[in-house]
Number of protein chains: 4
Amino acid sequence: MEELQELFHRIEDLIPFNRYLGLHAESIDGDGAVVSLDMRDELIGNFQDGILHGGVISATLDVVGGMAAMVKAVLREGSIEESLQRLRPVSTLDLRIDYLRPGAGTRFTARGFTLRAGSRVAVTRMELHNENDELIAVGTGTYIYNYV
Amino acid sequence: MEELQELFHRIEDLIPFNRYLGLHAESIDGDGAVVSLDMRDELIGNFQDGILHGGVISATLDVVGGMAAMVKAVLREGSIEESLQRLRPVSTLDLRIDYLRPGAGTRFTARGFTLRAGSRVAVTRMELHNENDELIAVGTGTYIYNYV
Amino acid sequence: MEELQELFHRIEDLIPFNRYLGLHAESIDGDGAVVSLDMRDELIGNFQDGILHGGVISATLDVVGGMAAMVKAVLREGSIEESLQRLRPVSTLDLRIDYLRPGAGTRFTARGFTLRAGSRVAVTRMELHNENDELIAVGTGTYIYNYV
Amino acid sequence: MEELQELFHRIEDLIPFNRYLGLHAESIDGDGAVVSLDMRDELIGNFQDGILHGGVISATLDVVGGMAAMVKAVLREGSIEESLQRLRPVSTLDLRIDYLRPGAGTRFTARGFTLRAGSRVAVTRMELHNENDELIAVGTGTYIYNYV
């Protein structure tokens, strides 16, 4: 599992926009993925209230849902080495985000869970909480598996 | 209408994350809003293909949908001055994004149309094309009007 | 609470399409709502496999989400009598349904949970299981409260 | 094309729930599908206003989106005979419905358009109008192609 997390850290580092968001992979296993994100001025969406931009929220939930979908497929393949030879990163097919509360806080945690992972398509649910464990937003995503 | 566009340029400038994305308000009127966006390395989502990050797409469509919803309410108020005293920026309630094709291109144009604008809630549809007029993604958004 | 369930049974009986679906309100309280549904030939969507029609699934999840949203508002009002004088049935603003598995089974149970209930709008999540506790479909709904 | 419409009429007739809804395939071609539906007491969702049940609307939009997705795949196969040997009906993966106005009217028309049809998945948009050409609801659907 450590190997799996290292893999995801590496992938995260290679995606410029994830680096800009400051996404940090906290944990990833068969139950799903957890990503954290620190508030910064650049991520503000409402200059009066100083809250997280909705686009930062949707991007973060998209990423963590994709990671949850991806790990399901990696674990299915047997070994990480084999899966890396066959699997390319998942593509998001569609995404629904519900913004429940203003994105106020200093540190946010996003979780992704896989509801169903077929051979071609995965469906995930995602949640974003702030450091006070307030539920800021939820999402549902559909991802396509890409095999070489 | 010129006045309206100036207003939106000003609002755009004040939102740090929109500035980072490089969103530029092209036009805004009763029929909707148009925003453009130039490709940059920082906005890449897939390091192998050099395509736009899904989160950039969803953020852009969210912004242009919100602008379309906002302008409907502003025009309803009579004058921009009056509307500015009563109206605060809209909040996104929920968003669906469908990613139709990889976000390949150098310049992207996002359009938002209002399907329905009630007194409390607006529903919009959005589209993102690249410079070859290929449809990259579509979205549907629900926005809440916030009055002082 | 018994009074609340009676109220919902009555409302269910008055809606012809719910009666046709055969929706039966199992329980309803501050945590959400549960509705059951028996398989019948009339509800079949795929003549070869004999599974539930997707439209029956989306209608059922819509109803149970609306019931969960409604009960939050009723409980907020103090007494059921008072709430009946002020509150009209909620309207569905939008709905997302994810079909995870074919709707095979003889008896289905739909649950609705309210994620957030504001003064004007509520957001709910819904789930449909069959009698073997297999998750058939999930949904997310946004509902508007209508006050007289 | 006549042959294609006959095929869809036959398929519609075989699905009990579509028959109950009273869905009638008006036209179907490479641009999409059109289905009509007459108001009946059994389809009422709100006993006070006599409007269409939200579940009838979502079911109808799901069906017409699936028909639009299906026809794209049939036309790709060369002949209808060949396609019938390889293609099974599409499955809905997910669906978003936005209810814009109360479903008042005596006759409703639903249209489905395919935004993108890949080898495995299609994305469609749908619209429901009443006999006065008022836009009642819109939807977006994702469908999976099933090959024998």
# chains A, B, ... in the order shown; residues from 1 in each chain; ligands from 1
$ residues_around --residues "Glu2 (chain D)" --least-positions-apart "2" --cutoff "10 Å" --atoms "only C-alpha atoms" --output "number ranges by chain"
D: 4-8, 27-29
$ write_last_selection --atoms "C-alpha atoms" --output "PDB file, in the first residue's frame"
ATOM      1  CA  LEU D   4     -35.768   2.533 -38.261  1.00  0.00           C
ATOM      2  CA  GLN D   5     -38.931   4.132 -36.912  1.00  0.00           C
ATOM      3  CA  GLU D   6     -40.823   0.893 -37.200  1.00  0.00           C
ATOM      4  CA  LEU D   7     -38.087  -0.780 -35.207  1.00  0.00           C
ATOM      5  CA  PHE D   8     -38.403   1.804 -32.437  1.00  0.00           C
ATOM      6  CA  SER D  27     -39.453  10.626 -35.324  1.00  0.00           C
ATOM      7  CA  ILE D  28     -35.971   9.247 -35.097  1.00  0.00           C
ATOM      8  CA  ASP D  29     -32.940   9.894 -37.278  1.00  0.00           C
TER       9      ASP D  29
END
$ interface_residues --of "chain C" --to "chain A" --cutoff "8 Å" --atoms "only C-alpha atoms" --output "list in words"
Arg96, Asp98, Leu100, Leu115, Arg116 and Val123 of chain C
$ atom_distance --atom1 "CA of Leu95 (chain D)" --atom2 "CA of Gln48 (chain D)"
28.1 Å
$ atom_distance --atom1 "CA of Thr92 (chain A)" --atom2 "CA of Val121 (chain A)"
9.7 Å
$ atom_distance --atom1 "CA of Leu61 (chain A)" --atom2 "CA of Leu23 (chain A)"
10.6 Å
$ residues_around --residues "region 15-18 of chain D" --least-positions-apart "4" --cutoff "6 Å" --atoms "only C-alpha atoms" --output "list of chain:residue names"
C:Glu42, C:Leu43, C:Ile44, C:Gly45, D:Leu23
$ residues_around --residues "Gly30 (chain C)" --least-positions-apart "3" --cutoff "10 Å" --atoms "only C-alpha atoms" --output "PyMOL selection string"
chain C and resi 1+33+68-76+113-114
$ select_by_dssp --residues "chain B" --states "strand (DSSP E)" --output "PyMOL selection string"
chain B and resi 24-29+32-38+44-46+51-52+87-99+107-117+121-130+135-147
$ residues_around --residues "Asn146 (chain D)" --least-positions-apart "4" --cutoff "8 Å" --atoms "only C-alpha atoms" --output "list in words"
Leu87, Arg88, Pro89, Val90, Ser91 and Arg120 of chain D
$ closest_residue --among "A:Ala25, A:Leu128, A:Ala104, A:Leu14" --to "Met67 (chain A)" --atoms "only C-alpha atoms"
A:Ala25
